[in-house]
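Asker: Got protein_7.csv for you, CSV, C-alpha atoms:
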chain,number,residue,atom,x,y,z
A,1,MET,CA,149.2,-41.4,1.2
A,2,ALA,CA,150.4,-39.6,4.3
A,3,ASP,CA,149.1,-36.2,3.3
A,4,GLY,CA,147.0,-37.2,0.3
A,5,SER,CA,149.7,-36.7,-2.2
A,6,ALA,CA,153.1,-38.1,-1.1
A,7,PRO,CA,153.6,-41.8,-1.3
A,8,TYR,CA,154.9,-43.7,1.6
A,9,PRO,CA,158.4,-44.9,1.4
A,10,ILE,CA,159.2,-48.5,0.5
A,11,VAL,CA,158.6,-50.7,3.5
A,12,SER,CA,161.8,-52.1,4.9
A,13,GLY,CA,162.3,-55.8,4.5
A,14,ASN,CA,162.9,-56.1,8.2
A,15,SER,CA,159.5,-54.5,9.1
A,16,LEU,CA,156.7,-56.5,10.5
A,17,CYS,CA,153.2,-56.4,9.2
A,18,PHE,CA,150.1,-57.8,10.8
A,19,ARG,CA,147.3,-59.8,9.1
A,20,LEU,CA,144.1,-59.7,11.1
A,21,GLY,CA,141.9,-62.7,11.6
A,22,GLY,CA,138.5,-61.0,11.2
A,23,ARG,CA,136.8,-64.4,10.7
A,24,ARG,CA,136.7,-67.0,13.5
A,25,ALA,CA,137.0,-69.7,10.8
A,26,TRP,CA,140.4,-68.3,9.8
A,27,VAL,CA,141.8,-69.3,13.2
A,28,LYS,CA,142.9,-72.9,13.4
A,29,SER,CA,142.9,-74.8,16.7
A,30,ASP,CA,146.6,-74.1,17.2
A,31,GLY,CA,146.2,-70.4,16.5
A,32,SER,CA,147.8,-70.6,13.1
A,33,PRO,CA,145.9,-69.1,10.1
A,34,SER,CA,143.7,-70.9,7.6
A,35,ARG,CA,145.2,-70.6,4.2
A,36,ASP,CA,142.0,-69.0,3.2
A,37,ALA,CA,143.2,-65.8,5.0
A,38,PHE,CA,145.8,-65.4,2.3
A,39,VAL,CA,143.7,-66.1,-0.8
A,40,LEU,CA,143.0,-62.9,-2.8
A,41,ARG,CA,139.5,-62.6,-4.1
A,42,MET,CA,138.9,-60.2,-7.0
A,43,ASN,CA,135.4,-59.2,-6.0
A,44,HIS,CA,136.4,-58.5,-2.4
A,45,ASP,CA,140.0,-57.6,-2.1
A,46,THR,CA,140.5,-55.0,-4.9
A,47,ASP,CA,144.1,-54.1,-4.5
A,48,GLY,CA,145.6,-56.7,-2.3
A,49,LEU,CA,145.3,-58.3,1.1
A,50,SER,CA,145.1,-55.8,3.9
A,51,VAL,CA,147.8,-55.7,6.6
A,52,SER,CA,148.4,-53.4,9.5
A,53,LEU,CA,151.8,-51.8,9.8
A,54,GLY,CA,153.5,-48.4,10.4
A,55,THR,CA,152.0,-47.0,13.6
A,56,VAL,CA,150.7,-50.5,14.4
A,57,THR,CA,153.6,-52.2,16.0
A,58,ASN,CA,152.1,-55.2,17.9
A,59,GLY,CA,149.3,-57.6,17.9
A,60,GLU,CA,147.5,-56.0,20.8
A,61,ALA,CA,147.2,-52.7,18.8
A,62,ALA,CA,146.3,-54.6,15.6
A,63,SER,CA,143.5,-56.4,17.4
A,64,LYS,CA,141.7,-53.2,18.1
A,65,ILE,CA,141.4,-52.1,14.5
A,66,LEU,CA,138.4,-54.2,13.4
A,67,SER,CA,135.2,-54.4,15.4
A,68,LYS,CA,135.8,-58.2,15.7
A,69,THR,CA,139.2,-59.8,15.6
A,70,TYR,CA,139.9,-63.4,16.5
A,71,ALA,CA,143.6,-63.5,16.0
A,72,VAL,CA,146.5,-61.5,14.7
A,73,TRP,CA,149.4,-62.9,12.8
A,74,TRP,CA,152.7,-61.2,12.1
A,75,LEU,CA,154.8,-61.6,9.0
A,76,ILE,CA,158.2,-60.2,8.0
A,77,VAL,CA,157.9,-58.0,4.9
A,78,GLY,CA,161.1,-59.4,3.4
A,79,GLU,CA,159.8,-62.9,3.7
A,80,ILE,CA,156.6,-61.9,1.8
A,81,ARG,CA,158.7,-60.6,-1.0
A,82,THR,CA,160.7,-63.8,-1.0
A,83,VAL,CA,157.6,-65.8,-1.4
A,84,GLY,CA,156.7,-63.8,-4.5
A,85,SER,CA,160.2,-64.3,-5.9
A,86,GLY,CA,159.8,-68.0,-5.5
A,87,PHE,CA,156.8,-67.9,-7.8
A,88,ALA,CA,158.3,-65.2,-10.1
A,89,ARG,CA,155.7,-62.8,-8.9
A,90,PRO,CA,156.4,-59.2,-7.8
A,91,VAL,CA,154.7,-59.6,-4.5
A,92,ASP,CA,155.3,-56.7,-2.2
A,93,VAL,CA,153.9,-54.9,0.9
A,94,ILE,CA,152.9,-51.4,0.0
A,95,GLN,CA,152.0,-48.9,2.7
A,96,ASP,CA,149.0,-46.8,1.9
A,97,ALA,CA,148.1,-45.2,5.3
A,98,ASP,CA,149.9,-44.5,8.5
A,99,ASP,CA,148.6,-47.8,9.9
A,100,HIS,CA,147.7,-49.8,6.9
A,101,GLY,CA,149.1,-51.4,3.8
A,102,ILE,CA,148.4,-54.2,1.3
A,103,ILE,CA,150.1,-57.3,0.1
A,104,ALA,CA,150.1,-56.5,-3.6
A,105,GLY,CA,150.9,-58.6,-6.6
A,106,LEU,CA,149.0,-61.7,-5.5
A,107,PRO,CA,147.1,-63.5,-8.2
A,108,PRO,CA,143.3,-63.3,-7.6
A,109,SER,CA,141.8,-66.8,-7.2
A,110,ASP,CA,139.4,-66.0,-10.0
A,111,VAL,CA,142.4,-65.6,-12.4
A,112,ASP,CA,144.9,-68.2,-11.4
A,113,LEU,CA,143.5,-70.5,-8.8
A,114,LEU,CA,146.4,-72.9,-8.5
A,115,LEU,CA,149.0,-70.1,-8.0
A,116,ALA,CA,146.7,-68.3,-5.6
A,117,GLU,CA,146.4,-71.5,-3.5
A,118,ASN,CA,150.1,-72.2,-3.6
A,119,ILE,CA,151.1,-68.7,-2.6
A,120,ALA,CA,148.5,-68.7,0.2
A,121,LYS,CA,150.1,-71.8,1.6
A,122,GLU,CA,153.6,-70.2,1.6
A,123,LEU,CA,152.3,-67.0,3.2
A,124,SER,CA,150.4,-69.0,5.9
A,125,LEU,CA,153.6,-70.8,6.7
A,126,ARG,CA,155.3,-67.5,7.5
A,127,ALA,CA,152.5,-66.1,9.5
A,128,HIS,CA,152.9,-66.3,13.3
A,129,CYS,CA,150.2,-65.7,15.8
A,130,CYS,CA,150.9,-62.8,18.2
A,131,TRP,CA,147.4,-62.1,19.5
A,132,PRO,CA,145.8,-63.5,21.6
A,133,THR,CA,149.1,-64.0,23.4
A,134,ASP,CA,147.9,-67.4,24.6
A,135,ALA,CA,147.2,-68.5,21.1
A,136,ALA,CA,148.6,-72.0,21.8
A,137,SER,CA,145.7,-72.6,24.0
A,138,TYR,CA,143.2,-70.6,22.0
A,139,THR,CA,140.7,-73.0,20.5
A,140,PRO,CA,137.7,-71.6,18.8
A,141,GLU,CA,135.3,-74.2,20.1
A,142,PRO,CA,132.1,-74.9,18.1
A,143,ILE,CA,129.4,-72.5,19.0
A,144,LEU,CA,126.5,-74.6,20.2
A,145,LYS,CA,123.4,-72.5,19.9
B,146,MET,CA,102.8,-89.8,7.5
B,147,HIS,CA,106.5,-89.2,7.2
B,148,GLN,CA,108.0,-90.8,4.1
B,149,PRO,CA,111.6,-91.7,4.4
B,150,GLU,CA,113.9,-90.1,1.9
B,151,VAL,CA,115.1,-92.6,-0.7
B,152,ARG,CA,118.9,-92.3,-0.9
B,153,PRO,CA,121.5,-94.2,-3.0
B,154,LEU,CA,123.3,-96.9,-1.3
B,155,THR,CA,127.0,-97.5,-1.2
B,156,ILE,CA,127.9,-101.1,-2.1
B,157,TYR,CA,131.2,-102.4,-1.0
B,158,ALA,CA,132.9,-105.3,-2.6
B,159,SER,CA,136.0,-106.7,-1.1
B,160,HIS,CA,138.1,-109.7,-1.9
B,161,THR,CA,140.7,-111.8,-0.2
B,162,VAL,CA,143.9,-112.1,-2.1
B,163,GLY,CA,145.8,-114.1,0.5
B,164,PRO,CA,145.3,-115.4,4.0
B,165,ARG,CA,146.4,-112.1,5.6
B,166,ASP,CA,145.9,-109.7,2.7
B,167,HIS,CA,142.4,-108.5,2.9
B,168,ARG,CA,141.7,-105.1,1.3
B,169,SER,CA,138.8,-103.1,0.1
B,170,MET,CA,138.6,-103.1,-3.6
B,171,GLN,CA,136.1,-100.7,-4.9
B,172,ALA,CA,133.0,-98.8,-3.8
B,173,TRP,CA,130.1,-98.0,-6.0
B,174,ASN,CA,127.4,-95.5,-5.6
B,175,SER,CA,124.5,-97.2,-7.1
B,176,ALA,CA,120.8,-97.9,-6.4
B,177,ASP,CA,120.9,-100.7,-8.9
B,178,MET,CA,122.5,-104.0,-7.9
B,179,HIS,CA,122.8,-105.0,-11.6
B,180,SER,CA,125.4,-102.3,-12.1
B,181,LEU,CA,127.9,-104.1,-10.0
B,182,ARG,CA,130.9,-105.4,-11.7
B,183,PHE,CA,133.5,-107.7,-10.2
B,184,THR,CA,137.0,-107.6,-11.5
B,185,SER,CA,140.1,-109.2,-10.3
B,186,PRO,CA,143.6,-108.8,-11.7
B,187,ASP,CA,144.3,-112.4,-11.0
B,188,ALA,CA,141.4,-114.7,-10.5
B,189,ALA,CA,143.7,-117.5,-9.3
B,190,TRP,CA,144.5,-115.5,-6.2
B,191,MET,CA,140.9,-114.6,-5.5
B,192,THR,CA,139.4,-116.6,-2.7
B,193,MET,CA,136.4,-114.7,-1.6
B,194,TYR,CA,134.1,-111.9,-2.4
B,195,SER,CA,132.0,-110.2,0.3
B,196,ILE,CA,129.3,-107.6,-0.3
B,197,ARG,CA,128.0,-105.2,2.3
B,198,VAL,CA,124.9,-103.2,1.4
B,199,GLY,CA,122.9,-100.6,3.2
B,200,VAL,CA,125.0,-97.7,4.3
B,201,PRO,CA,123.2,-94.5,3.1
B,202,ASP,CA,125.6,-92.1,1.4
B,203,VAL,CA,124.1,-89.1,3.3
B,204,ALA,CA,123.5,-90.6,6.6
B,205,PRO,CA,122.1,-88.5,9.5
B,206,ALA,CA,124.6,-89.9,11.9
B,207,ARG,CA,128.3,-90.2,11.9
B,208,ALA,CA,129.2,-92.6,9.1
B,209,SER,CA,132.9,-93.1,8.8
B,210,ASP,CA,134.2,-96.6,9.7
B,211,ALA,CA,136.4,-95.3,12.5
B,212,ALA,CA,133.9,-93.2,14.4
B,213,ASP,CA,136.4,-91.3,16.5
B,214,SER,CA,139.1,-90.7,13.9
B,215,PRO,CA,140.2,-87.1,13.1
B,216,PHE,CA,138.7,-87.5,9.7
B,217,SER,CA,135.3,-88.4,11.0
B,218,ARG,CA,135.4,-85.4,13.2
B,219,THR,CA,135.7,-83.3,10.1
B,220,ILE,CA,132.4,-84.8,8.9
B,221,ASP,CA,130.8,-84.0,12.2
B,222,GLU,CA,132.1,-80.5,12.0
B,223,LEU,CA,130.7,-80.2,8.5
B,224,ASP,CA,127.3,-80.9,9.9
B,225,LEU,CA,127.8,-78.2,12.5
B,226,LEU,CA,128.9,-75.8,9.9
B,227,ALA,CA,125.8,-76.4,7.8
B,228,GLU,CA,123.7,-75.8,10.9
B,229,GLY,CA,125.5,-72.6,11.8
B,230,LYS,CA,126.8,-74.2,15.0
B,231,LEU,CA,130.5,-74.5,14.2
B,232,TYR,CA,131.1,-70.7,14.1
B,233,ASP,CA,128.9,-67.8,15.1
B,234,ASP,CA,129.9,-65.6,12.2
B,235,GLU,CA,130.1,-67.8,9.1
B,236,PRO,CA,127.6,-67.8,6.2
B,237,LEU,CA,125.9,-71.1,5.9
B,238,PRO,CA,126.8,-73.3,2.9
B,239,THR,CA,124.1,-74.1,0.4
B,240,SER,CA,122.3,-77.4,0.7
B,241,GLU,CA,124.0,-78.5,-2.5
B,242,ALA,CA,127.5,-77.6,-1.3
B,243,TYR,CA,126.9,-79.4,2.0
B,244,LYS,CA,125.6,-82.5,0.5
B,245,THR,CA,128.3,-82.7,-2.1
B,246,THR,CA,131.0,-82.1,0.5
B,247,ARG,CA,129.5,-84.7,2.9
B,248,LEU,CA,129.1,-87.4,0.2
B,249,LEU,CA,132.7,-86.8,-0.9
B,250,LEU,CA,134.1,-86.9,2.6
B,251,LEU,CA,132.1,-90.1,3.4
B,252,ARG,CA,133.4,-91.8,0.2
B,253,THR,CA,136.9,-90.7,1.0
B,254,ALA,CA,136.6,-92.0,4.6
B,255,ARG,CA,135.7,-95.4,3.2
B,256,ARG,CA,138.6,-95.4,0.9
B,257,LEU,CA,140.8,-94.5,3.8
B,258,GLU,CA,139.0,-97.1,5.9
B,259,GLY,CA,138.0,-94.3,8.3
B,260,VAL,CA,141.5,-93.3,9.2
B,261,GLY,CA,142.6,-89.9,8.0
B,262,PRO,CA,143.7,-86.5,9.2
B,263,HIS,CA,141.4,-83.8,10.6
B,264,GLY,CA,140.5,-81.1,8.2
B,265,HIS,CA,139.9,-77.4,9.0
B,266,LEU,CA,136.5,-76.4,7.7
B,267,LEU,CA,135.1,-73.0,6.8
B,268,SER,CA,132.5,-71.5,4.5
B,269,GLU,CA,133.5,-70.1,1.2
B,270,PRO,CA,131.2,-67.1,0.6
B,271,PRO,CA,128.7,-67.2,-1.0
B,272,GLY,CA,127.6,-70.6,0.1
B,273,GLY,CA,130.5,-72.8,-0.6
B,274,VAL,CA,132.5,-75.1,1.7
B,275,ARG,CA,136.3,-75.2,2.0
B,276,ALA,CA,138.3,-77.9,3.8
B,277,GLU,CA,142.0,-77.6,4.5
B,278,TRP,CA,144.5,-80.3,5.5
B,279,ASP,CA,148.1,-79.2,6.4
B,280,ASN,CA,151.2,-81.1,7.3
B,281,GLY,CA,154.2,-78.9,7.5
B,282,PRO,CA,155.0,-77.6,4.0
B,283,LYS,CA,152.4,-79.9,2.4
B,284,CYS,CA,148.7,-79.2,2.1
B,285,VAL,CA,145.5,-80.5,0.5
B,286,THR,CA,142.4,-78.3,-0.1
B,287,LEU,CA,138.9,-79.3,-1.0
B,288,MET,CA,136.7,-76.5,-2.3
B,289,VAL,CA,133.1,-77.1,-3.1
B,290,GLY,CA,131.2,-74.2,-4.7
B,291,PRO,CA,127.6,-73.2,-3.8
B,292,ASP,CA,126.2,-74.8,-6.9
B,293,ASP,CA,127.3,-76.7,-10.0
B,294,THR,CA,128.0,-73.5,-11.9
B,295,ALA,CA,130.7,-72.5,-9.4
B,296,ARG,CA,134.3,-73.8,-9.5
B,297,SER,CA,134.8,-76.8,-7.2
B,298,TYR,CA,138.2,-78.5,-6.9
B,299,ILE,CA,140.8,-80.3,-4.9
B,300,HIS,CA,144.3,-78.9,-4.6
B,301,ARG,CA,147.5,-80.1,-3.3
B,302,TYR,CA,150.9,-78.4,-2.9
B,303,GLY,CA,154.2,-79.1,-1.3
B,304,SER,CA,157.4,-81.1,-1.7
B,305,GLY,CA,157.6,-80.2,-5.4
B,306,THR,CA,154.0,-81.1,-6.1
B,307,SER,CA,151.5,-78.6,-7.3
B,308,GLU,CA,148.2,-79.9,-8.6
B,309,LEU,CA,144.6,-78.8,-8.9
B,310,ILE,CA,141.7,-81.0,-10.2
B,311,SER,CA,138.1,-79.9,-10.8
B,312,LEU,CA,135.6,-82.0,-9.0
B,313,SER,CA,133.8,-82.7,-12.3
B,314,GLU,CA,136.9,-84.0,-14.0
B,315,SER,CA,137.9,-86.7,-11.7
B,316,ASN,CA,137.1,-89.6,-9.5
B,317,THR,CA,137.5,-87.2,-6.7
B,318,ASP,CA,137.1,-89.4,-3.6
B,319,ARG,CA,139.9,-91.6,-5.0
B,320,ASP,CA,142.1,-88.7,-5.7
B,321,LEU,CA,141.4,-87.0,-2.3
B,322,ALA,CA,142.1,-90.2,-0.4
B,323,ALA,CA,145.4,-90.6,-2.3
B,324,TRP,CA,146.4,-87.0,-1.7
B,325,LEU,CA,145.6,-87.3,2.0
B,326,ILE,CA,147.9,-90.3,2.2
B,327,TRP,CA,150.5,-88.3,0.3
B,328,LEU,CA,150.0,-85.5,2.8
B,329,ALA,CA,150.8,-87.8,5.7
B,330,THR,CA,154.0,-89.3,4.2
I need this file expressed as structure tokens, please.

Answerer:
Amino acid sequence: MADGSAPYPIVSGNSLCFRLGGRRAWVKSDGSPSRDAFVLRMNHDTDGLSVSLGTVTNGEAASKILSKTYAVWWLIVGEIRTVGSGFARPVDVIQDADDHGIIAGLPPSDVDLLLAENIAKELSLRAHCCWPTDAASYTPEPILK
Amino acid sequence: MHQPEVRPLTIYASHTVGPRDHRSMQAWNSADMHSLRFTSPDAAWMTMYSIRVGVPDVAPARASDAADSPFSRTIDELDLLAEGKLYDDEPLPTSEAYKTTRLLLLRTARRLEGVGPHGHLLSEPPGGVRAEWDNGPKCVTLMVGPDDTARSYIHRYGSGTSELISLSESNTDRDLAAWLIWLAT
């Protein structure tokens, strides 16, 4: 809510939203996301998967939101809705703050594991790394302690 | 005095069907030689059995047949994950999840004769292990829960296929190997 009462408008299908890679393990060697980054967990993600949008317009800005971010992936909101349609699910991106929204309508893995995994795959295919900018050479090497 | 841990042995049986057609038949996990059973769909074609004994199922060293294959690298990385050395911010898998995953990957490697794709490994909080294999629109997932009360499964999706099998319901290494071959084709 922008002022605590008025809802945000429907997010345009042409808008970008950004999924943050807050876990190093979510970043694959080519910079693409692990499908795990798009699996909804009931005990952790209450309403949906967090995305940055609105006042956040690029990967650099998105990378500064969390204390640790290993990668940022952009998705087109309209494509996220299309993924939901493909599974007859009302998947949508709903803005809930000036710089934040959620991907709502995803099945929690606790409820429908197969569907959760399938949708996670489709979303990961539509997620493109935009931070770090040299993601193609970004390889999270094993941390040898 | 250190007592070596007693571990089950994998026993391979293979047969020669023709002069150039040698293939692995079956693998057992058995500490008892008497449990071996030889079968052949057509004894007339069978010319030789060979048995290899002595590869521990949970070996301390790299154990796939093709030591430098992408698939065996996945097993190496599982070891690093379990030691907290693969990532600096991932929770450690439980010992049970680690052992179950490693045994399954080793058995799968043998079915694939060591040749298979590299899997992306990560922890599945709390204490589970997740492995992901992707090839374009197709994917295979292995999820091992922290203990036997948690859901553990393999999953595949893509090209009109959508399937999920619980680990407890299947001959999982056989299915995982078949699905990884499906993934590559």

Asker: Got a sec: who's within 10 Å of Gly21 of chain A, counting all atoms listed in the file, leaving out chain neighbours fewer than 5 positions off, as a ChimeraX atom specification?

Answerer: /A:26-27,32-34,37,63,66,68-73,129,131

Asker: Please report as a list in words which residues of chain B come no farther than 9 Å from chain A, using only C-alpha atoms.

Answerer: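 For chain B, the answer reads Glu222, Leu225, Leu226, Gly229, Lys230, Leu231, Tyr232, Asp233, Asp234, Glu235, His265, Leu266, Leu267, Ser268, Glu269, Arg275, Glu277, Gly281, Pro282, Lys283, Cys284, Thr286, His300, Arg301, Tyr302, Gly303, Ser307, Glu308 and Leu309 of chain B.
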
Asker: For segment 312-325 of chain B, work out the shell of residues within 8 Å, counting only C-alpha atoms and skipping chain neighbours fewer than 6 positions away, then give it as a PyMOL selection string.

Answerer: chain B and resi 249-250+252-254+256-257+261-262+278+285+297-299+301

Asker: Using Å and a single decimal, report how far atom CA of Met42 of chain A sits from atom CA of Asp98 of chain A.

Answerer: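 Here the two named atoms are 24.7 Å from each other.
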
Asker: Can you tell me, as a list in words, what residues are no more than 9 Å from Val56 of chain A when counting all atoms listed in the file, ignoring any on the same chain fewer than 5 positions away?

Answerer: Cys17, Phe18, Ala61, Ala62, Asp98, Asp99 and His100 of chain A

Asker: From the set B:Thr219, B:Thr246, B:Thr306, B:Thr330, which residue has the shortest atom-to-atom contact distance to Val289 of chain B, counting all atoms listed in the file?

Answerer: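 Nearest to Val289 of chain B: B:Thr246.
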
Asker: Measuring between only C-alpha atoms, which one of A:Ile103, A:Ile80, A:Val93, A:Val111 shows the shortest distance to Arg126 of chain A?

Answerer: A:Ile80

Asker: Calculated over all atoms listed in the file, which of the candidates B:Asp279, B:Arg296, B:His263, B:Ala227 has the smallest distance to Trp327 of chain B?

Answerer: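 Looking at the shortest contact to Trp327 of chain B, the residue is B:Asp279.
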